[in-house]
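Chemist: Pasting a structure here, questions to come.
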Amino acid sequence: MMLAALALPLAGVAVLAALASAAVSLAASRWPRVLSWLSFPLLGVCALAALASGIDALWFGGAHQAVLPLGLPWLPWEVSVDPLTGVFLLILGAVLLAVAVYGPGYAREFRNGRDSLAALGVFTALFVLGMLGVLLAADAFLFMVAWELMSLASYFLVAFQHEQAEHRHAAFLYLLMAHVAGLAILLAFGVLAAASGSFSFAAMRAVHPDAFWAAVAFTLALLGFGTKAGLAPLHVWLPEAHPAAPSHISALMSAVMLKVALYGFLRVVFDLLGPPQWGFGVTLVLVGGATAVMGVLFALQQTDLKRLLAYSSIENLGIIFLALGLAQIFQAAGHPALAALALVAALYQALNHALLKGLLFLGAGAVLHGAHERSLDHLGGLLRRMPRTGWFFLIGCLGMAAVPPFNGFVSEWLTFQAALQAWQLHDSLLRILVPLAAAALALTAALGAAVFVRAFGTAFLGRARSRQARHAHEVGRGMLAGQALLVLGIAIAALLPGPVLGLLARAATQLTGAAVTGDGWLWLTPISPRVASYAPLPILAVLLVVGALGVALLRPRRRAAIRRAVPWDCGFAPPTPRMQYSAAGFAQPQRRVFAPLYALHEQVTPGRYELAVGDRAWRQLYLPLGALTDRVADRARRMQAGHVRRYLAWSLITLLVLLWIVS
Amino acid sequence: MDRVLTLTAALLQPLLLLAAAPLLVAWIRRVKARLQNRRGAPLLTPYRELRKLLGKEAVVARTASPLFRIAPYVVFAATLLAAAALPVLSTLLPGARVADAIALIGLLGLARIMLTLAGLDAGTAFGGMGASREMLVTTFAEPALLLVVFTLAMTTHTTNLASMAASTLAGDSVLRPSYMFALAALLLVGVAECGRIPVDNPSTHLELTMIHEGMLLEYSGRHLALMEWAAQLKLALFAVLTVDLFLPWGLATRLSPLALLGALAALVLKLAALGALLALGETVLAKMRLFRVPGFLAMAFLLALLGLLAHVILESAL
């Protein structure tokens with residue numbers, strides 16, 4: 001019982017370590033070494049504490065609460081750690097630990113640049129602090145303070161290399177969207193607080209708003225958290241902002257911050273809002289499905305490695321929200337066990353995505369570090385120049401492609417199993433919707449595999465397409481160790497799905513009231529052995545045994561194992577690197593098939609082919625919205641005449657109107 | 001004792017399929033030749049080809065990475081493992097507990113990803129072309145295959161292939177509209193996945209049309225043998241999958257010698273008929289232009305989706 005009470009103190013240690021990291025980083029502008037020797041190690045301490053706290057919360061269950069002597073006098077800050085928090089503390093800790101190991105090597109590059117190392121260290125630590133605060137907050141006030149801290153600190157990180165105009169543009173867009181999102185979340189909490197009369201989560205949980213206001217709060221929460229999570233069509237900031245930040249920050253933003261948004265959504269809609277409604281579930285399934293398909297289609301067309309990863313994050317968040325929709329539908333239909341299954345699938349997907357995308361962004365950072373290039377059309381052949389990073393990246397790609405025995409498959413399998421229980425629903429509309437969602441998911445999975453074959457195939461296989469790629473070098477030990485840590489996490493999530501599911505199930509049980517079991521450490525049998533089961537360890541064992549047998553039996557005894565020769569290529573002239581398929585060429589068939597969904601600009605001039613794949617949402621939603629804002633601003637400017645008297649008049653009128661409303 | 005017997009049977013079934021896969025290919029070639037008024041090669045030719053390749057020196061492109069040499073073993077092992085999840089003779093199959101139908105599709109996905117990566121590895125034009133086209137095919141074929149499985153899973157309430165077949169054997173009718181749609185989709189998907197006419201032509205190395213062969217161009221010797229054998233196994237796997245899902249009659253539900261012999265006879269008959277059907281299709285149809293392929297596959301996807309919807313709307317009485 002002693003250990004059970006440790007969750008909250010450990011989380012406190014994590015917060016203090018992040019604060020300390022922020023404080024010491026101030027010295028980095030004077031002594032650059034502080035960053036490597038103090039800031040990142042302190043973040044590592046923070047990560048370990050968060051990891052331990054998360055595992056503790058999941059292992060022992062139950063909620064631990066405390067009221068802090070901080071905040072406003074009549075509104076003290078409340079914190080709590082429960083299994084739901086635990087899942088996300090676990091995610092944060094795992095990824096942050098890898099980043100803390102990886103960071104010093106990566107940040108060394110900035111030492112000679114003009115960018116401020118102190119800013120990097122301080123804002124990284126504040127960013128982490130903000131995310132921790134969001135997870136720990138147990139009242140709306142602290143939640144919003146931490147949320148804004150997270151948004152603002154990450155804004156400065158996106159704008160870190162602000163000499164480049166595109167980074168400034170990305171950062172501004174990010175700030176704008178973050179503010180709109182923050183406003184929506186604030187209003188959602190406003191609705192909940194109006195119903196319960198208090199900002200404390202405990203009070204909100206006890207009193208629920210009526211159906212209309214619940215729908216309003218749901219919509220606001222979906223808008224707010226959905227913007228942060230990159231749901232279509234609110235995603236446009238994400239592929240701009242995530243690649244603009246330094247790679248280890250991209251890893252934190254994609255792997256952790258998106259999950260923090262997911263956490264916020266889960267907390268508000270599944271925990272605080274009250275009884276589930278199938279309408280919410282349908283909305284989530286539709287939005288999630290559209291986001292997933294849109295995200296993966298655009299990921300397939302990106303030539304910038306980091307943008308590709310960012311679009312793939314959008315896809316994954318879409319899948320997660322789709323699974324949440326299933327959970328909501330099942331819960332509303334009175335099948336809590338199935339809702340728990342869908343919820344576990346979503347949480348498993350969140351964990352997988354965090355580990356995989358963390359690894360892939362760190363890998364992309366290593367590529368950037370080793371080859372100084374992130375355009376797929378200028379890379380190639382890196383597996384031979386950077387073997388360790390290359391094999392790690394391959395593991396990440398196979399995980400993302402959701403094939404057994406890798407971890408991405410586990411969550412995909414769970415989601416499908418949940419969707420296949422749709423026959424238990426009574427409403428025929430829902431019974432049609434759920435299989436359609438499964439179809440969208442299947443399409444997404446197949447396209448996702450194509451995305452990562454293309455990414456790995458053009459960057460790491462084949463031959464170097466540029467001088468930088470030809471002279472790429474492997475990264476240092478720390479950067480490799482950071483990636484290796486995430487590979488370890490991936491191996492656990494991939495090969496021991498039973499225990500991992502057992503941990504995640506605590507959070508699902510907390511939200512749905514029903515239990516899910518993994519059936520032992522070897523098997524994954526969420527419903528019953530007759531229905532479906534999956535065991536990755538035997539699969540891996542058979543793959544290894546068959547492969548080893550093949551090598552042992554087929555290896556020639558009397559001559560060399562292989563002979564090296566010029567590529568055959570159907571007997572044409574020896575191929576040059578320029579004759580390889582380019583990244584743009586690889587995805588050309590899908591570009592033709594799905595042409596109506598892309599905003600394509602193609603231009604062919606003799607000897608030159610230019611291609612730009614634009615986002616339709618940008619032209620059809622954002623530009624008109626921007627123009628409208630401009631026009632409204634123009635109107636509003638008429639009030640600004642420059643006469644003090646008129647301003648005083650406006651103030652008086654406003655005051656009178658307000659008084660009239662109050663009375 | 002029973003346990004040992006079941007395990008042995010589970011081990012032997014995929015090996016049986018592996019051994020018989022070249023024969024199925026030879027049979028299809030033979031029927032095709034007869035339909036085209038040729039005599040055709042002996043039925044043992046594919047075995048001889050494999051033996052020849054296994055004995056030859058393996059030449060690897062200088063530009064290839066280690067992945068190129070690992071890929072054949074992974075492709076082979078993953079396809080064999082997928083076959084282990086399939087009831088070939090008997091529905092008593094412990095292997096099906098390890099990997100259900102979704103995992104089977106996933107394992108085929110693993111094999112395909114390694115194959116396409118190997119195609120890209122040497123940095124040649126044709127390898128990339130084959131890989132890109134394979135990914136186009138899979139974009140629709142894999143979801144369609146999943147939907148077919150889902151349609152059956154909704155009816156039988158399981159994704160375990162052995163339970164599915166057992167459930168159909170126990171009396172679930174296959175004469176449902178959803179099954180008809182699903183069967184049609186599965187046939188189209190099988191043709192596309194196995195690289196047969198009209199999607200791809202396994203017997204040509206014509207540069208501009210090849211898909212599967214394009215990725216194998218750089219392979220030789222034992223590596224090529226493994227890749228070819230895996231492709232043959234995949235064809236046999238799709239054939240057995242089709243008969244398991246839609247015509248499981250004859251599958252042994254007990255492990256008695258008589259039942260197994262009967263199951264073997266039934267399997268041979270069914271596969272021969274299915275192979276003859278494929279040969280007939282390949283004779284009367286011409287290969288499509290590549291950009292017709294998405295239409296073909298989209299039809300398969302749509303049929304599978306219709307099957308699923310037909311099940312939900314027409315058949316699911318609660």
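A note on labels: chains of the structure tokens are A, B, ... as shown, every chain counts residues from 1, and ligands are counted from 1 in their shown order.
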Excluding segment 198-213 of chain B and any residue of its chain fewer than 2 positions from it, enumerate the residues within 6 Å of it, using only C-alpha atoms, and give them as number ranges by chain.
Modeler: B: 130, 192, 195-196, 215-216, 286-288
Chemist: Apply DSSP to the structure's backbone, then extract all residues of segment 333-545 of chain A labelled helix (DSSP H, G or I) and return them as JSON, numbers by chain.
Modeler: {"A": [336, 337, 338, 339, 340, 341, 342, 343, 344, 345, 346, 347, 348, 349, 350, 351, 352, 353, 354, 355, 356, 357, 358, 359, 360, 361, 362, 363, 364, 365, 366, 367, 368, 369, 370, 371, 376, 377, 378, 382, 383, 384, 385, 387, 388, 389, 390, 391, 392, 393, 394, 395, 396, 397, 398, 399, 400, 407, 408, 409, 410, 411, 412, 413, 414, 415, 416, 417, 418, 419, 420, 421, 422, 423, 424, 428, 429, 430, 431, 432, 433, 434, 435, 436, 437, 438, 439, 440, 441, 442, 443, 444, 445, 446, 447, 448, 449, 450, 451, 452, 453, 454, 455, 456, 457, 458, 459, 460, 467, 468, 469, 470, 477, 478, 479, 480, 481, 482, 483, 484, 485, 486, 487, 488, 489, 490, 491, 492, 493, 494, 495, 497, 498, 499, 500, 501, 502, 503, 504, 505, 506, 507, 508, 509, 510, 511, 512, 536, 537, 538, 539, 540, 541, 542, 543, 544, 545]}
Chemist: Distance table requested - chain A against chain B, cut-off 7 Å, only C-alpha atoms: one row per qualifying residue with the closest atom pair and its distance in Å to one decimal, ordered by chain and rising residue number, as CSV.
Modeler:
```
residue,atom,partner,partner_atom,distance
A:Leu383,CA,B:Ser65,CA,6.9
A:Arg384,CA,B:Ser65,CA,6.2
A:Val403,CA,B:Gly106,CA,4.9
A:Pro404,CA,B:Gly106,CA,5.9
A:Leu420,CA,B:Met154,CA,6.4
A:Trp423,CA,B:Met154,CA,6.6
A:Arg431,CA,B:Val312,CA,6.5
A:Ile432,CA,B:Val312,CA,6.3
A:Ala439,CA,B:Leu147,CA,6.6
A:Ala442,CA,B:Pro143,CA,4.7
A:Leu443,CA,B:Pro143,CA,5.2
A:Ala446,CA,B:Thr139,CA,5.2
A:Leu447,CA,B:Thr139,CA,5.6
A:Ala450,CA,B:Met135,CA,5.7
A:Val453,CA,B:Leu117,CA,6.5
A:Gly457,CA,B:Leu117,CA,5.7
A:Leu461,CA,B:Asp121,CA,4.7
A:Gly462,CA,B:Gly123,CA,3.7
A:Arg463,CA,B:Gly123,CA,5.4
A:Arg530,CA,B:Thr158,CA,6.6
A:Val531,CA,B:Thr158,CA,4.0
A:Ala532,CA,B:Asn160,CA,5.5
A:Ser533,CA,B:Arg97,CA,5.6
A:Tyr534,CA,B:Val98,CA,4.9
A:Ala535,CA,B:Val98,CA,4.9
A:Leu543,CA,B:Ala77,CA,5.4
A:Val546,CA,B:Ala77,CA,5.6
A:Gly547,CA,B:Tyr73,CA,5.1
A:Gly550,CA,B:Tyr73,CA,6.7
A:Leu554,CA,B:Arg222,CA,6.9
A:Ile562,CA,B:Ala58,CA,5.1
A:Arg563,CA,B:Val59,CA,4.7
A:Arg564,CA,B:Val60,CA,4.9
A:Ala565,CA,B:Ala61,CA,5.0
A:Val566,CA,B:Ala61,CA,5.4
A:Pro567,CA,B:Ala61,CA,4.6
A:Trp568,CA,B:Glu218,CA,5.9
A:Asp569,CA,B:Thr124,CA,6.1
A:Pro575,CA,B:Thr124,CA,6.2
A:Pro577,CA,B:Gly123,CA,6.7
A:Met579,CA,B:Ala125,CA,5.6
A:Gln580,CA,B:Ala125,CA,4.7
A:Tyr581,CA,B:Gly128,CA,5.1
A:Phe586,CA,B:Ser132,CA,5.0
A:Ala587,CA,B:Ser132,CA,6.8
A:Pro589,CA,B:Leu136,CA,6.4
A:Gln590,CA,B:Leu136,CA,6.4
```
Chemist: Those residues with N, CA and C atoms, as a tab-separated table (two decimals), in the first residue's frame please?
Modeler:
```
chain	number	residue	atom	x	y	z
A	383	LEU	N	20.89	3.25	-45.71
A	383	LEU	CA	21.02	2.05	-44.88
A	383	LEU	C	22.48	1.60	-44.84
A	384	ARG	N	23.21	1.87	-45.90
A	384	ARG	CA	24.60	1.45	-45.89
A	384	ARG	C	25.51	2.48	-45.24
A	403	VAL	N	2.07	-4.49	-39.45
A	403	VAL	CA	2.17	-5.90	-39.81
A	403	VAL	C	2.65	-6.67	-38.59
A	404	PRO	N	2.19	-7.92	-38.43
A	404	PRO	CA	2.69	-8.72	-37.33
A	404	PRO	C	4.14	-9.11	-37.58
A	420	LEU	N	-15.77	-5.48	-35.27
A	420	LEU	CA	-16.47	-6.68	-35.73
A	420	LEU	C	-17.54	-7.14	-34.75
A	423	TRP	N	-22.28	-6.50	-34.71
A	423	TRP	CA	-23.53	-7.26	-34.82
A	423	TRP	C	-24.32	-7.26	-33.53
A	431	ARG	N	-25.28	-0.23	-37.17
A	431	ARG	CA	-24.69	-1.47	-37.65
A	431	ARG	C	-24.09	-1.29	-39.04
A	432	ILE	N	-24.66	-0.35	-39.81
A	432	ILE	CA	-24.07	-0.07	-41.13
A	432	ILE	C	-22.84	0.81	-40.97
A	439	ALA	N	-14.12	-0.41	-42.99
A	439	ALA	CA	-13.61	-0.33	-44.36
A	439	ALA	C	-12.64	0.83	-44.50
A	442	ALA	N	-9.44	-0.18	-42.97
A	442	ALA	CA	-8.69	-1.12	-43.79
A	442	ALA	C	-7.97	-0.39	-44.91
A	443	LEU	N	-8.68	0.55	-45.53
A	443	LEU	CA	-8.07	1.34	-46.61
A	443	LEU	C	-6.88	2.13	-46.07
A	446	ALA	N	-3.81	-0.10	-45.51
A	446	ALA	CA	-3.10	-0.46	-46.73
A	446	ALA	C	-2.30	0.72	-47.26
A	447	LEU	N	-2.92	1.91	-47.24
A	447	LEU	CA	-2.20	3.10	-47.71
A	447	LEU	C	-1.04	3.43	-46.78
A	450	ALA	N	1.94	1.60	-47.73
A	450	ALA	CA	2.57	2.20	-48.91
A	450	ALA	C	3.39	3.43	-48.51
A	453	VAL	N	6.67	2.14	-46.89
A	453	VAL	CA	7.54	1.51	-47.87
A	453	VAL	C	8.23	2.59	-48.70
A	457	GLY	N	12.02	3.10	-48.44
A	457	GLY	CA	12.63	2.67	-49.70
A	457	GLY	C	13.41	3.77	-50.39
A	461	LEU	N	17.08	2.94	-48.92
A	461	LEU	CA	17.49	1.91	-49.88
A	461	LEU	C	17.87	2.58	-51.19
A	462	GLY	N	18.24	1.76	-52.17
A	462	GLY	CA	18.63	2.31	-53.45
A	462	GLY	C	19.98	2.98	-53.37
A	463	ARG	N	20.18	3.99	-54.21
A	463	ARG	CA	21.47	4.66	-54.23
A	463	ARG	C	21.29	6.14	-53.94
A	530	ARG	N	-12.70	-18.66	-28.97
A	530	ARG	CA	-13.35	-19.05	-30.21
A	530	ARG	C	-13.45	-17.87	-31.18
A	531	VAL	N	-13.62	-16.69	-30.62
A	531	VAL	CA	-13.83	-15.52	-31.48
A	531	VAL	C	-12.52	-15.11	-32.16
A	532	ALA	N	-11.49	-14.90	-31.38
A	532	ALA	CA	-10.24	-14.47	-31.99
A	532	ALA	C	-9.14	-14.49	-30.95
A	533	SER	N	-7.95	-14.81	-31.39
A	533	SER	CA	-6.79	-14.71	-30.52
A	533	SER	C	-5.58	-14.41	-31.38
A	534	TYR	N	-4.55	-13.91	-30.72
A	534	TYR	CA	-3.34	-13.51	-31.44
A	534	TYR	C	-2.18	-13.64	-30.49
A	535	ALA	N	-1.08	-14.20	-30.95
A	535	ALA	CA	0.08	-14.39	-30.10
A	535	ALA	C	1.34	-14.05	-30.88
A	543	LEU	N	9.04	-17.18	-37.42
A	543	LEU	CA	9.74	-16.41	-38.47
A	543	LEU	C	11.25	-16.61	-38.33
A	546	VAL	N	12.25	-20.40	-39.16
A	546	VAL	CA	12.18	-20.71	-40.60
A	546	VAL	C	13.30	-19.97	-41.33
A	547	GLY	N	13.50	-18.69	-40.95
A	547	GLY	CA	14.56	-17.93	-41.60
A	547	GLY	C	15.93	-18.55	-41.36
A	550	GLY	N	16.34	-21.73	-43.24
A	550	GLY	CA	16.58	-21.45	-44.65
A	550	GLY	C	18.03	-21.08	-44.90
A	554	LEU	N	20.43	-23.62	-47.02
A	554	LEU	CA	20.65	-23.23	-48.41
A	554	LEU	C	22.03	-22.65	-48.66
A	562	ILE	N	27.82	-15.46	-51.87
A	562	ILE	CA	27.22	-14.68	-52.96
A	562	ILE	C	28.33	-14.14	-53.84
A	563	ARG	N	27.95	-13.71	-55.02
A	563	ARG	CA	28.87	-12.98	-55.89
A	563	ARG	C	28.26	-11.62	-56.15
A	564	ARG	N	29.10	-10.59	-56.05
A	564	ARG	CA	28.62	-9.23	-56.30
A	564	ARG	C	28.78	-8.88	-57.77
A	565	ALA	N	27.82	-8.17	-58.32
A	565	ALA	CA	27.92	-7.78	-59.72
A	565	ALA	C	27.17	-6.47	-59.94
A	566	VAL	N	27.30	-5.94	-61.13
A	566	VAL	CA	26.56	-4.74	-61.51
A	566	VAL	C	25.07	-5.10	-61.52
A	567	PRO	N	24.20	-4.16	-61.10
A	567	PRO	CA	22.76	-4.48	-61.15
A	567	PRO	C	22.35	-4.92	-62.56
A	568	TRP	N	21.45	-5.86	-62.61
A	568	TRP	CA	21.05	-6.46	-63.89
A	568	TRP	C	20.11	-5.53	-64.65
A	569	ASP	N	19.00	-5.15	-64.01
A	569	ASP	CA	18.05	-4.19	-64.60
A	569	ASP	C	17.69	-4.54	-66.03
A	575	PRO	N	22.65	1.08	-64.54
A	575	PRO	CA	21.77	2.16	-64.12
A	575	PRO	C	22.50	3.21	-63.28
A	577	PRO	N	22.09	6.54	-60.48
A	577	PRO	CA	21.13	6.88	-59.41
A	577	PRO	C	19.94	7.68	-59.92
A	579	MET	N	18.29	7.17	-62.47
A	579	MET	CA	17.29	6.32	-63.13
A	579	MET	C	16.40	5.62	-62.12
A	580	GLN	N	16.66	5.80	-60.82
A	580	GLN	CA	15.81	5.17	-59.82
A	580	GLN	C	14.44	5.82	-59.80
A	581	TYR	N	13.49	5.10	-59.22
A	581	TYR	CA	12.19	5.71	-58.98
A	581	TYR	C	12.35	6.79	-57.92
A	586	PHE	N	7.08	7.30	-57.19
A	586	PHE	CA	6.57	6.11	-56.51
A	586	PHE	C	5.08	6.24	-56.20
A	587	ALA	N	4.69	7.44	-55.81
A	587	ALA	CA	3.29	7.63	-55.40
A	587	ALA	C	2.43	8.13	-56.53
A	589	PRO	N	0.91	6.54	-59.09
A	589	PRO	CA	-0.36	5.85	-59.36
A	589	PRO	C	-1.48	6.28	-58.42
A	590	GLN	N	-1.16	6.37	-57.11
A	590	GLN	CA	-2.20	6.79	-56.16
A	590	GLN	C	-2.62	8.24	-56.41
```
Chemist: Do you know which residues are at most 7 Å from segment 473-476 of chain A counting only C-alpha atoms, after dropping those on the same chain fewer than 6 positions away, and could you put them as a list of chain:residue names?
Modeler: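 Final neighbour list, sorted by chain and number: A:Gly105, A:Ala366, A:Gly370, A:Ala371, A:Arg385, A:Met386.
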Chemist: Env of Leu326 of chain A: 12 Å cut, atoms = only C-alpha atoms, seq-sep filter 2 positions within chain, self excluded. Answer as a PyMOL selection string.
Modeler: chain A and resi 276-286+288-289+319-324+328-333+335-346+414-422+425+430-431+433-438
Chemist: Please identify all polymer residues within 12 Å of Phe238 of chain B, counting only C-alpha atoms, omitting same-chain residues fewer than 5 positions from it, and present them as a count of residues only.
Modeler: 33
